[in-house]
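Enquirer: Sharing a structure below in structure tokens format, with a few things to ask.
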Amino acid sequence: MELFVNINGLKSCSEELEGLYKQLSNTKFALDRCKWELNYYMLSSSYWNIRLNLNNLSKSVQNQINHIKKMSTELNKITDLYSKTELAILDIEKTQAEIDEKERQTRQTIANIAKFAVFALCVVATAAVIIGTGGAATPLVLGGVSAITAVAQKATNELADEFAEKGNWDNMDWKEFGKDVTVAGVTGFISGWAGGTITEGLKGVSFVKPGLESTNFLSRISTNAGINAVSDVVVGIGERGVTSTAEVMFNNDFETNVKTLGSLGVYSIGAVTNNSALQRIALQDSNVETIVNNTFDVKEICKDTISGAFSGSVDEIVDTASTIKHFDSNFLNSDNAVKRGISGFGVEGVKGAVSKMGENFEETLIDGGSAGEAVQKAFDPISVGKAFVENGVKEGAKRYRGKPVGEAILTENKLNDPDIARAMPNSIDARQWIRDGGSIYRDSAGKLTFQKTDTESSNVFVKPKIRLCYSSN
């Protein structure tokens with residue numbers, strides 16, 4: 001047997017390997033280092049090598065070679081053990097990760113149940129307030145209820161999320177929690193109070209009212225879209241203003257906050273009096289500049305405008321459809337309180353759900369999402385479902401405790417009623433309409449719908465047309 005042996009490096013190779021072997025601590029680095037030394041000294045051709053016959057080697061050299069071989073064998077065993085140990089550790093880590101994930105999923109389930117329970121309680125509380133006030137709760141009362149329910153849901157959501165993620169609240173940022181809950185309460189009040197107040201106020205404006213009561217569908221839908229757009233923009237500005245101010249207040253000391261509030265006051269005076277100089281002075285405070293920029297964020301205002309216009313359009317489309325099909329007259333104006341409540345829940349629930357779908361869609365697109373992402377977000381079952389329930393319950397409770405305006409279908413004898421007479425359009429002879437076989441329906445708002453089948457056509461192959469007219473007040 002013939003070998004190429006590095007005589008000069010052979011002894012030092014053995015001594016170095018023995019040293020490494022003694023220091024080996026089951027780490028991959030040590031194993032790789034030992035193997036590298038073996039390969040270097042046994043395979044390297046950069047040293048002076050002498051061709052020798054194994055039988056002629058001195059006993060000491062043979063012992064060195066045998067020792068190296070033994071070391072190589074032992075290192076291979078250690079390497080195998082290391083690999084097996086590493087695999088075992090990976091299996092343990094995988095098993096532990098699976099256990100941790102199952103525990104997290106269990107905690108997430110508990111958190112979701114808590115969120116749903118609080119949401120249900122808030123819905124019930126809102127309905128109870130509306131029913132308790134006879135369906136006539138003022139915007140101020142609704143604003144208060146909205147603030148309380150917003151605080152309850154925000155607090156529950158944050159506590160539940162922290163529990164689901166970490167299993168406890170040991171590292172909970174309570175300052176951030178307090179800020180988020182406070183902001184939720186204030187913005188909830190603004191949404192519940194200002195939203196209703198602005199909408200109802202605009203509907204009573206002299207130049208807006210004709211558009212709402214017009215017999216022209218496009219006129220009604222555009223008017224409702226405009227009202228809701230304005231309302232959503234104003235409410236959005238208020239909510240962002242509160243949120244931005246809270247962010248600044250919670251992140252700065254008392255002295256800085258006093259200065260910021262003073263500068264905000266100066267800016268407000270400048271805005272009201274149209275004094276740009278005062279506004280420029282106030283904006284020198286970086287906190288004020290941040291608050292103003294966030295409050296009047298153009299992209300957010302665009303979102304509010306589009307979502308408001310869409311929801312207003314949806315409202316009018318649903319109302320018109322329910323009027324044409326006499327759903328309003330027969331159900332929302334029913335003498336049966338339960339029937340009115342369930343019908344109101346369904347109609348307003350549909351409005352809320354469809355409006356939420358539109359809001360989710362346009363916000364995703366404006367934020368830079370793709371059309372596919374926007375569609376997916378539009379059909380998000382949780383947000384859409386919550387919108388359906390929240391809007392439906394409010395209207396259902398209001399209808400349940402409210403009262404019908406009177407008979408859904410008017411007879412000729414009822415035309416002498418002063419309220420009905422005031423709602424009659426001048427262009428239609430109501431008595432003659434009824435005598436000619438027409439019907440007059442009254443909806444829950446007191447508006448009248450005139451319907452009659454046109455039988456004047458002599459062509460028996462043409463389906464008779466349905467004539468529809470509406471009262472203008």
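By order in the structure tokens, chains are A, B, ...; within a chain, residues start at 1; ligands start at 1, following the order shown.
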Taking a cut-off of 12 Å and counting only C-alpha atoms, can you build a table that, for each residue of stretch 281-314 of chain A near stretch 347-359 of chain A, reports the nearest atom pair and how far apart they are in Å (one decimal), sorted by chain then residue number, as a tab-separated table?

Expert:
residue	atom	partner	partner_atom	distance
A:Glu300	CA	A:Glu359	CA	11.9
A:Cys302	CA	A:Glu359	CA	11.4
A:Lys303	CA	A:Glu359	CA	7.9
A:Asp304	CA	A:Glu359	CA	8.6
A:Thr305	CA	A:Glu359	CA	10.2
A:Ile306	CA	A:Glu359	CA	7.9
A:Ser307	CA	A:Glu359	CA	5.1
A:Gly308	CA	A:Glu359	CA	8.4
A:Ala309	CA	A:Ser355	CA	9.6
A:Phe310	CA	A:Ser355	CA	6.6
A:Ser311	CA	A:Ser355	CA	4.8
A:Gly312	CA	A:Ser355	CA	8.5
A:Ser313	CA	A:Ser355	CA	9.0
A:Val314	CA	A:Lys351	CA	6.2

Enquirer: Okay, now the selection with C-alpha atoms, as a PDB file, in the first residue's frame?

Expert:
ATOM      1  CA  GLU A 300     -59.241  61.298   3.981  1.00  0.00           C
ATOM      2  CA  CYS A 302     -62.004  62.408  -0.446  1.00  0.00           C
ATOM      3  CA  LYS A 303     -62.782  59.098   1.233  1.00  0.00           C
ATOM      4  CA  ASP A 304     -65.470  60.730   3.390  1.00  0.00           C
ATOM      5  CA  THR A 305     -66.992  62.497   0.400  1.00  0.00           C
ATOM      6  CA  ILE A 306     -67.213  59.357  -1.718  1.00  0.00           C
ATOM      7  CA  SER A 307     -68.456  57.093   1.067  1.00  0.00           C
ATOM      8  CA  GLY A 308     -71.021  59.691   2.154  1.00  0.00           C
ATOM      9  CA  ALA A 309     -72.325  60.211  -1.374  1.00  0.00           C
ATOM     10  CA  PHE A 310     -72.522  56.447  -1.891  1.00  0.00           C
ATOM     11  CA  SER A 311     -74.421  55.818   1.342  1.00  0.00           C
ATOM     12  CA  GLY A 312     -76.838  58.663   0.546  1.00  0.00           C
ATOM     13  CA  SER A 313     -77.478  57.165  -2.884  1.00  0.00           C
ATOM     14  CA  VAL A 314     -78.028  53.719  -1.375  1.00  0.00           C
TER      15      VAL A 314
END

Enquirer: I'd like the neighbourhood of stretch 263-268 of chain A as a PyMOL selection string, where a residue qualifies if any of its atoms comes within 7 Å (using only C-alpha atoms), though same-chain residues fewer than 2 positions away should be ignored.

Expert: chain A and resi 259-261+270-272+278-279+282+288

Enquirer: Can you spit out the residues from that selection as a PDB file, in the first residue's frame, using C-alpha atoms?

Expert:
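This is the output file again-v8.pdb:
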ATOM      1  CA  LYS A 259     -48.438  75.809  24.512  1.00  0.00           C
ATOM      2  CA  THR A 260     -49.956  73.618  21.787  1.00  0.00           C
ATOM      3  CA  LEU A 261     -53.518  74.271  22.962  1.00  0.00           C
ATOM      4  CA  GLY A 270     -57.482  82.902  12.439  1.00  0.00           C
ATOM      5  CA  ALA A 271     -59.581  80.346  10.594  1.00  0.00           C
ATOM      6  CA  VAL A 272     -62.893  81.823  11.793  1.00  0.00           C
ATOM      7  CA  LEU A 278     -52.680  84.342  12.775  1.00  0.00           C
ATOM      8  CA  GLN A 279     -52.810  80.946  11.138  1.00  0.00           C
ATOM      9  CA  ALA A 282     -49.902  79.196  15.016  1.00  0.00           C
ATOM     10  CA  VAL A 288     -50.217  72.372  15.614  1.00  0.00           C
TER      11      VAL A 288
END

Enquirer: Ranking A:Glu363, A:Glu395, A:Asp253, A:Glu289 by minimum distance to A:Gly344 and counting only C-alpha atoms, which one comes first?

Expert: A:Glu395

Enquirer: Just to confirm, what's the straight-line distance from atom CA of A:Gly132 to atom CA of A:Gly406 in Å (one decimal)?

Expert: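 Computed distance, atom CA of A:Gly132 to atom CA of A:Gly406, equals 22.9 Å.
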
Enquirer: In Å, rounded to a single decimal, give me how far atom CA of A:Asp319 is from atom CA of A:Ser444.

Expert: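 Interatomic distance, atom CA of A:Ser444 to atom CA of A:Asp319: 10.7 Å.
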
Enquirer: Excluding same-chain residues fewer than 5 positions from stretch 193-207 of chain A, what lies within 8 Å of it counting only C-alpha atoms, as a ChimeraX atom specification?

Expert: /A:139-144,212,227-228,231-232,235

Enquirer: DSSP says alpha helix (DSSP H) for which residues of stretch 84-197 of chain A? Put them as an MDAnalysis selection string?

Expert: chainID A and resid 84:132 139:166 174:189 195:197

Enquirer: Under the rule that only C-alpha atoms are counted, which of A:Phe116, A:Leu87, A:Leu410, A:Arg220 is the nearest residue to A:Ser439?

Expert: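 Once distances to A:Ser439 are computed over only C-alpha atoms, the minimum belongs to A:Leu410.
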